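One file, work08.pdb, carrying PDB, C-alpha atoms:
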```pdb
ATOM      1  CA  MET A  48      59.761  10.392  35.399  1.00  0.00           C
ATOM      2  CA  ARG A  49      56.098  11.190  35.080  1.00  0.00           C
ATOM      3  CA  ARG A  50      54.611  13.010  32.117  1.00  0.00           C
ATOM      4  CA  ALA A  51      53.294  15.775  34.405  1.00  0.00           C
ATOM      5  CA  THR A  52      56.847  16.476  35.591  1.00  0.00           C
ATOM      6  CA  LEU A  53      58.102  16.967  32.042  1.00  0.00           C
ATOM      7  CA  LEU A  54      55.138  19.159  31.126  1.00  0.00           C
ATOM      8  CA  ARG A  55      55.676  21.345  34.201  1.00  0.00           C
ATOM      9  CA  ALA A  56      59.398  21.665  33.422  1.00  0.00           C
ATOM     10  CA  ALA A  57      58.563  22.711  29.844  1.00  0.00           C
ATOM     11  CA  GLU A  58      56.082  25.287  31.146  1.00  0.00           C
ATOM     12  CA  ILE A  59      58.621  26.816  33.540  1.00  0.00           C
ATOM     13  CA  TYR A  60      61.327  26.820  30.873  1.00  0.00           C
ATOM     14  CA  ALA A  61      59.005  28.526  28.375  1.00  0.00           C
ATOM     15  CA  THR A  62      58.076  31.189  30.949  1.00  0.00           C
ATOM     16  CA  ARG A  63      61.689  31.978  31.793  1.00  0.00           C
ATOM     17  CA  PHE A  64      63.552  31.466  28.505  1.00  0.00           C
ATOM     18  CA  ALA A  65      61.175  31.965  25.566  1.00  0.00           C
ATOM     19  CA  ASP A  66      62.155  34.375  22.782  1.00  0.00           C
ATOM     20  CA  PRO A  67      59.922  37.410  22.147  1.00  0.00           C
ATOM     21  CA  ASP A  68      58.100  35.406  19.478  1.00  0.00           C
ATOM     22  CA  GLY A  69      57.257  32.680  22.053  1.00  0.00           C
ATOM     23  CA  ARG A  70      59.660  30.089  20.738  1.00  0.00           C
ATOM     24  CA  VAL A  71      61.931  28.196  23.079  1.00  0.00           C
ATOM     25  CA  ARG A  72      65.257  27.469  21.483  1.00  0.00           C
ATOM     26  CA  ALA A  73      66.931  24.886  23.638  1.00  0.00           C
ATOM     27  CA  THR A  74      68.682  21.560  23.685  1.00  0.00           C
ATOM     28  CA  PHE A  75      68.545  18.994  26.411  1.00  0.00           C
ATOM     29  CA  GLU A  76      70.225  15.779  27.359  1.00  0.00           C
ATOM     30  CA  LEU A  77      68.652  12.638  28.708  1.00  0.00           C
ATOM     31  CA  LEU A  78      70.528  10.450  31.102  1.00  0.00           C
ATOM     32  CA  TRP A  79      69.322   6.864  31.398  1.00  0.00           C
ATOM     33  CA  LEU A  80      70.519   4.626  34.191  1.00  0.00           C
ATOM     34  CA  SER A  81      69.824   0.966  34.559  1.00  0.00           C
ATOM     35  CA  GLY A  82      70.667  -1.340  37.438  1.00  0.00           C
ATOM     36  CA  TRP A  83      71.085  -5.060  37.847  1.00  0.00           C
ATOM     37  CA  VAL A  84      70.985  -7.282  40.894  1.00  0.00           C
ATOM     38  CA  PRO A  85      71.916 -10.956  40.751  1.00  0.00           C
ATOM     39  CA  HIS A  86      69.112 -13.425  41.412  1.00  0.00           C
ATOM     40  CA  GLU A  87      69.552 -15.879  44.273  1.00  0.00           C
ATOM     41  CA  SER A  88      69.434 -18.759  41.758  1.00  0.00           C
ATOM     42  CA  GLN A  89      72.365 -17.337  39.783  1.00  0.00           C
ATOM     43  CA  GLN A  90      75.636 -19.270  39.932  1.00  0.00           C
ATOM     44  CA  LYS A  91      77.930 -17.982  42.677  1.00  0.00           C
ATOM     45  CA  PRO A  92      81.568 -17.118  41.926  1.00  0.00           C
ATOM     46  CA  LEU A  93      84.239 -19.580  43.008  1.00  0.00           C
ATOM     47  CA  ARG A  94      86.598 -18.630  45.794  1.00  0.00           C
ATOM     48  CA  PRO A  95      89.866 -16.977  44.659  1.00  0.00           C
ATOM     49  CA  GLY A  96      92.622 -19.477  43.898  1.00  0.00           C
ATOM     50  CA  SER A  97      90.282 -22.406  43.247  1.00  0.00           C
ATOM     51  CA  ALA A  98      90.742 -22.501  39.470  1.00  0.00           C
ATOM     52  CA  GLN A  99      91.370 -25.872  37.834  1.00  0.00           C
ATOM     53  CA  ALA A 100      93.098 -24.402  34.740  1.00  0.00           C
ATOM     54  CA  ARG A 101      95.228 -21.353  33.994  1.00  0.00           C
ATOM     55  CA  LEU A 102      93.743 -18.511  31.967  1.00  0.00           C
ATOM     56  CA  ALA A 103      97.046 -18.098  30.099  1.00  0.00           C
ATOM     57  CA  ASP A 104      96.765 -21.718  28.881  1.00  0.00           C
ATOM     58  CA  ALA A 105      93.164 -21.202  27.731  1.00  0.00           C
ATOM     59  CA  LEU A 106      94.181 -18.056  25.825  1.00  0.00           C
ATOM     60  CA  GLY A 107      97.355 -19.598  24.435  1.00  0.00           C
ATOM     61  CA  THR A 108      99.533 -16.813  25.794  1.00  0.00           C
ATOM     62  CA  GLN A 109     102.409 -16.393  28.235  1.00  0.00           C
ATOM     63  CA  GLU A 110     101.450 -15.557  31.820  1.00  0.00           C
ATOM     64  CA  ILE A 111     102.875 -12.297  33.144  1.00  0.00           C
ATOM     65  CA  THR A 112     103.416 -12.239  36.898  1.00  0.00           C
ATOM     66  CA  SER A 113     104.737  -9.582  39.245  1.00  0.00           C
ATOM     67  CA  ALA A 114     108.033 -11.502  39.274  1.00  0.00           C
ATOM     68  CA  THR A 115     108.452 -10.995  35.507  1.00  0.00           C
ATOM     69  CA  LEU A 116     107.669  -7.249  35.591  1.00  0.00           C
ATOM     70  CA  PRO A 117     110.462  -4.710  36.058  1.00  0.00           C
ATOM     71  CA  ASP A 118     110.702  -3.173  39.520  1.00  0.00           C
ATOM     72  CA  GLU A 119     109.124   0.299  39.337  1.00  0.00           C
ATOM     73  CA  ARG A 120     111.412   1.592  42.101  1.00  0.00           C
ATOM     74  CA  SER A 121     114.696   0.626  40.474  1.00  0.00           C
ATOM     75  CA  PRO A 122     116.513   3.190  38.272  1.00  0.00           C
ATOM     76  CA  ARG A 123     116.450   2.519  34.567  1.00  0.00           C
TER
END
```

Structure rendered as structure tokens:
Amino acid sequence: MRRATLLRAAEIYATRFADPDGRVRATFELLWLSGWVPHESQQKPLRPGSAQARLADALGTQEITSATLPDERSPR
């Protein structure tokens, strides 16, 4: 945002919302967005299912699959 835009916004706000003594009592919020795009030299992800090791083994935990989960449709 350019400085002129902020100054014009402050001028309009002061004209419309200033107290009788000329003070503007207000709060405002700033929203900051940042984006990222991968560079063409960045490593590409491997295709799904091409892993050489299991994540559960690397983490030292038991793998949970859909076969080990309870069926959501069955009565409890």

When you look at region 70-84 of chain A with a cut-off of 12 Å (counting all atoms listed in the file), what residues show up, excluding the ones that are within fewer than 2 positions of it in the same chain? I need them as a ChimeraX atom specification.
/A:48,53,56-68,86-89

Save the residues we just selected, C-alpha atoms, as a short mmCIF file (atom, residue, chain, number, x, y, z; two decimals), keeping the file's coordinate frame?
```
data_model
loop_
_atom_site.label_atom_id
_atom_site.label_comp_id
_atom_site.auth_asym_id
_atom_site.auth_seq_id
_atom_site.Cartn_x
_atom_site.Cartn_y
_atom_site.Cartn_z
CA MET A 48 59.76 10.39 35.40
CA LEU A 53 58.10 16.97 32.04
CA ALA A 56 59.40 21.66 33.42
CA ALA A 57 58.56 22.71 29.84
CA GLU A 58 56.08 25.29 31.15
CA ILE A 59 58.62 26.82 33.54
CA TYR A 60 61.33 26.82 30.87
CA ALA A 61 59.00 28.53 28.38
CA THR A 62 58.08 31.19 30.95
CA ARG A 63 61.69 31.98 31.79
CA PHE A 64 63.55 31.47 28.50
CA ALA A 65 61.18 31.96 25.57
CA ASP A 66 62.16 34.38 22.78
CA PRO A 67 59.92 37.41 22.15
CA ASP A 68 58.10 35.41 19.48
CA HIS A 86 69.11 -13.42 41.41
CA GLU A 87 69.55 -15.88 44.27
CA SER A 88 69.43 -18.76 41.76
CA GLN A 89 72.36 -17.34 39.78
#
```

Once 6 Å is added on each side, what are the centre and the three edge lengths, in Å to one decimal, of the axis-aligned box enclosing the listed atoms of region 80-98 of chain A? Present them as lines of an AutoDock Vina configuration file.
```
center_x = 80.9
center_y = -8.9
center_z = 40.0
size_x = 35.5
size_y = 39.1
size_z = 23.6
```

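In this model, the gap between CA of Gly96 (chain A) and CA of Glu110 (chain A) comes to 15.5 Å.
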
Report, in Å to a single decimal, how far apart CA of Thr115 (chain A) and CA of Ser97 (chain A) are.
22.8 Å

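The interatomic distance for the pair CA of Pro117 (chain A) and CA of Ala105 (chain A) works out to 25.3 Å.
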
Generate all heavy atoms for region 81-92 of chain A and emit them as a PDB file, in the frame of the given file.
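Output file selection06.pdb follows:
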```pdb
ATOM      1  N   SER A  81      70.460   2.262  34.380  1.00  0.00           N
ATOM      2  CA  SER A  81      69.824   0.966  34.559  1.00  0.00           C
ATOM      3  C   SER A  81      70.637   0.185  35.578  1.00  0.00           C
ATOM      4  O   SER A  81      71.863   0.270  35.602  1.00  0.00           O
ATOM      5  CB  SER A  81      69.787   0.233  33.213  1.00  0.00           C
ATOM      6  OG  SER A  81      69.209  -1.041  33.357  1.00  0.00           O
ATOM      7  N   GLY A  82      69.968  -0.564  36.424  1.00  0.00           N
ATOM      8  CA  GLY A  82      70.667  -1.340  37.438  1.00  0.00           C
ATOM      9  C   GLY A  82      70.403  -2.819  37.270  1.00  0.00           C
ATOM     10  O   GLY A  82      69.478  -3.236  36.580  1.00  0.00           O
ATOM     11  N   TRP A  83      71.224  -3.614  37.917  1.00  0.00           N
ATOM     12  CA  TRP A  83      71.085  -5.060  37.847  1.00  0.00           C
ATOM     13  C   TRP A  83      71.475  -5.635  39.204  1.00  0.00           C
ATOM     14  O   TRP A  83      72.424  -5.201  39.833  1.00  0.00           O
ATOM     15  CB  TRP A  83      71.997  -5.613  36.762  1.00  0.00           C
ATOM     16  CG  TRP A  83      72.089  -7.098  36.743  1.00  0.00           C
ATOM     17  CD1 TRP A  83      71.185  -7.978  36.214  1.00  0.00           C
ATOM     18  CD2 TRP A  83      73.129  -7.903  37.285  1.00  0.00           C
ATOM     19  NE1 TRP A  83      71.606  -9.272  36.391  1.00  0.00           N
ATOM     20  CE2 TRP A  83      72.804  -9.247  37.051  1.00  0.00           C
ATOM     21  CE3 TRP A  83      74.301  -7.609  37.955  1.00  0.00           C
ATOM     22  CZ2 TRP A  83      73.599 -10.290  37.450  1.00  0.00           C
ATOM     23  CZ3 TRP A  83      75.100  -8.657  38.356  1.00  0.00           C
ATOM     24  CH2 TRP A  83      74.749  -9.985  38.090  1.00  0.00           C
ATOM     25  N   VAL A  84      70.703  -6.573  39.650  1.00  0.00           N
ATOM     26  CA  VAL A  84      70.985  -7.282  40.894  1.00  0.00           C
ATOM     27  C   VAL A  84      70.940  -8.776  40.595  1.00  0.00           C
ATOM     28  O   VAL A  84      69.993  -9.247  39.966  1.00  0.00           O
ATOM     29  CB  VAL A  84      69.935  -6.930  41.983  1.00  0.00           C
ATOM     30  CG1 VAL A  84      70.171  -7.744  43.233  1.00  0.00           C
ATOM     31  CG2 VAL A  84      69.961  -5.448  42.290  1.00  0.00           C
ATOM     32  N   PRO A  85      71.940  -9.520  41.032  1.00  0.00           N
ATOM     33  CA  PRO A  85      71.916 -10.956  40.751  1.00  0.00           C
ATOM     34  C   PRO A  85      70.763 -11.645  41.477  1.00  0.00           C
ATOM     35  O   PRO A  85      70.410 -11.283  42.592  1.00  0.00           O
ATOM     36  CB  PRO A  85      73.271 -11.447  41.260  1.00  0.00           C
ATOM     37  CG  PRO A  85      73.769 -10.401  42.182  1.00  0.00           C
ATOM     38  CD  PRO A  85      73.132  -9.117  41.762  1.00  0.00           C
ATOM     39  N   HIS A  86      70.201 -12.636  40.829  1.00  0.00           N
ATOM     40  CA  HIS A  86      69.112 -13.425  41.412  1.00  0.00           C
ATOM     41  C   HIS A  86      69.724 -14.494  42.310  1.00  0.00           C
ATOM     42  O   HIS A  86      70.845 -14.956  42.082  1.00  0.00           O
ATOM     43  CB  HIS A  86      68.293 -14.065  40.284  1.00  0.00           C
ATOM     44  CG  HIS A  86      67.017 -14.674  40.758  1.00  0.00           C
ATOM     45  ND1 HIS A  86      66.935 -15.993  41.106  1.00  0.00           N
ATOM     46  CD2 HIS A  86      65.793 -14.129  40.964  1.00  0.00           C
ATOM     47  CE1 HIS A  86      65.697 -16.257  41.496  1.00  0.00           C
ATOM     48  NE2 HIS A  86      64.989 -15.145  41.418  1.00  0.00           N
ATOM     49  N   GLU A  87      68.999 -14.883  43.345  1.00  0.00           N
ATOM     50  CA  GLU A  87      69.552 -15.879  44.273  1.00  0.00           C
ATOM     51  C   GLU A  87      69.826 -17.228  43.609  1.00  0.00           C
ATOM     52  O   GLU A  87      70.629 -18.019  44.092  1.00  0.00           O
ATOM     53  CB  GLU A  87      68.643 -16.074  45.491  1.00  0.00           C
ATOM     54  CG  GLU A  87      67.269 -16.599  45.181  1.00  0.00           C
ATOM     55  CD  GLU A  87      66.237 -15.503  44.932  1.00  0.00           C
ATOM     56  OE1 GLU A  87      66.578 -14.317  44.970  1.00  0.00           O
ATOM     57  OE2 GLU A  87      65.081 -15.860  44.678  1.00  0.00           O
ATOM     58  N   SER A  88      69.196 -17.500  42.458  1.00  0.00           N
ATOM     59  CA  SER A  88      69.434 -18.759  41.758  1.00  0.00           C
ATOM     60  C   SER A  88      70.640 -18.690  40.826  1.00  0.00           C
ATOM     61  O   SER A  88      71.051 -19.699  40.262  1.00  0.00           O
ATOM     62  CB  SER A  88      68.193 -19.153  40.949  1.00  0.00           C
ATOM     63  OG  SER A  88      67.987 -18.233  39.889  1.00  0.00           O
ATOM     64  N   GLN A  89      71.217 -17.497  40.672  1.00  0.00           N
ATOM     65  CA  GLN A  89      72.365 -17.337  39.783  1.00  0.00           C
ATOM     66  C   GLN A  89      73.587 -18.045  40.376  1.00  0.00           C
ATOM     67  O   GLN A  89      73.775 -18.077  41.593  1.00  0.00           O
ATOM     68  CB  GLN A  89      72.670 -15.855  39.596  1.00  0.00           C
ATOM     69  CG  GLN A  89      73.814 -15.586  38.652  1.00  0.00           C
ATOM     70  CD  GLN A  89      73.999 -14.095  38.417  1.00  0.00           C
ATOM     71  OE1 GLN A  89      73.181 -13.300  38.804  1.00  0.00           O
ATOM     72  NE2 GLN A  89      75.094 -13.750  37.778  1.00  0.00           N
ATOM     73  N   GLN A  90      74.415 -18.592  39.503  1.00  0.00           N
ATOM     74  CA  GLN A  90      75.636 -19.270  39.932  1.00  0.00           C
ATOM     75  C   GLN A  90      76.513 -18.313  40.726  1.00  0.00           C
ATOM     76  O   GLN A  90      76.696 -17.161  40.349  1.00  0.00           O
ATOM     77  CB  GLN A  90      76.392 -19.797  38.722  1.00  0.00           C
ATOM     78  CG  GLN A  90      77.648 -20.553  39.070  1.00  0.00           C
ATOM     79  CD  GLN A  90      78.360 -21.061  37.826  1.00  0.00           C
ATOM     80  OE1 GLN A  90      77.910 -20.854  36.711  1.00  0.00           O
ATOM     81  NE2 GLN A  90      79.484 -21.712  38.023  1.00  0.00           N
ATOM     82  N   LYS A  91      77.059 -18.796  41.824  1.00  0.00           N
ATOM     83  CA  LYS A  91      77.930 -17.982  42.677  1.00  0.00           C
ATOM     84  C   LYS A  91      79.374 -18.106  42.192  1.00  0.00           C
ATOM     85  O   LYS A  91      79.791 -19.155  41.696  1.00  0.00           O
ATOM     86  CB  LYS A  91      77.843 -18.445  44.139  1.00  0.00           C
ATOM     87  CG  LYS A  91      76.434 -18.460  44.710  1.00  0.00           C
ATOM     88  CD  LYS A  91      75.855 -17.079  44.782  1.00  0.00           C
ATOM     89  CE  LYS A  91      74.486 -17.074  45.428  1.00  0.00           C
ATOM     90  NZ  LYS A  91      73.409 -16.816  44.533  1.00  0.00           N
ATOM     91  N   PRO A  92      80.166 -17.040  42.346  1.00  0.00           N
ATOM     92  CA  PRO A  92      81.568 -17.118  41.926  1.00  0.00           C
ATOM     93  C   PRO A  92      82.352 -18.080  42.818  1.00  0.00           C
ATOM     94  O   PRO A  92      82.039 -18.258  43.993  1.00  0.00           O
ATOM     95  CB  PRO A  92      82.073 -15.680  42.089  1.00  0.00           C
ATOM     96  CG  PRO A  92      81.145 -15.042  43.056  1.00  0.00           C
ATOM     97  CD  PRO A  92      79.824 -15.737  42.894  1.00  0.00           C
TER      98      PRO A  92
END
```
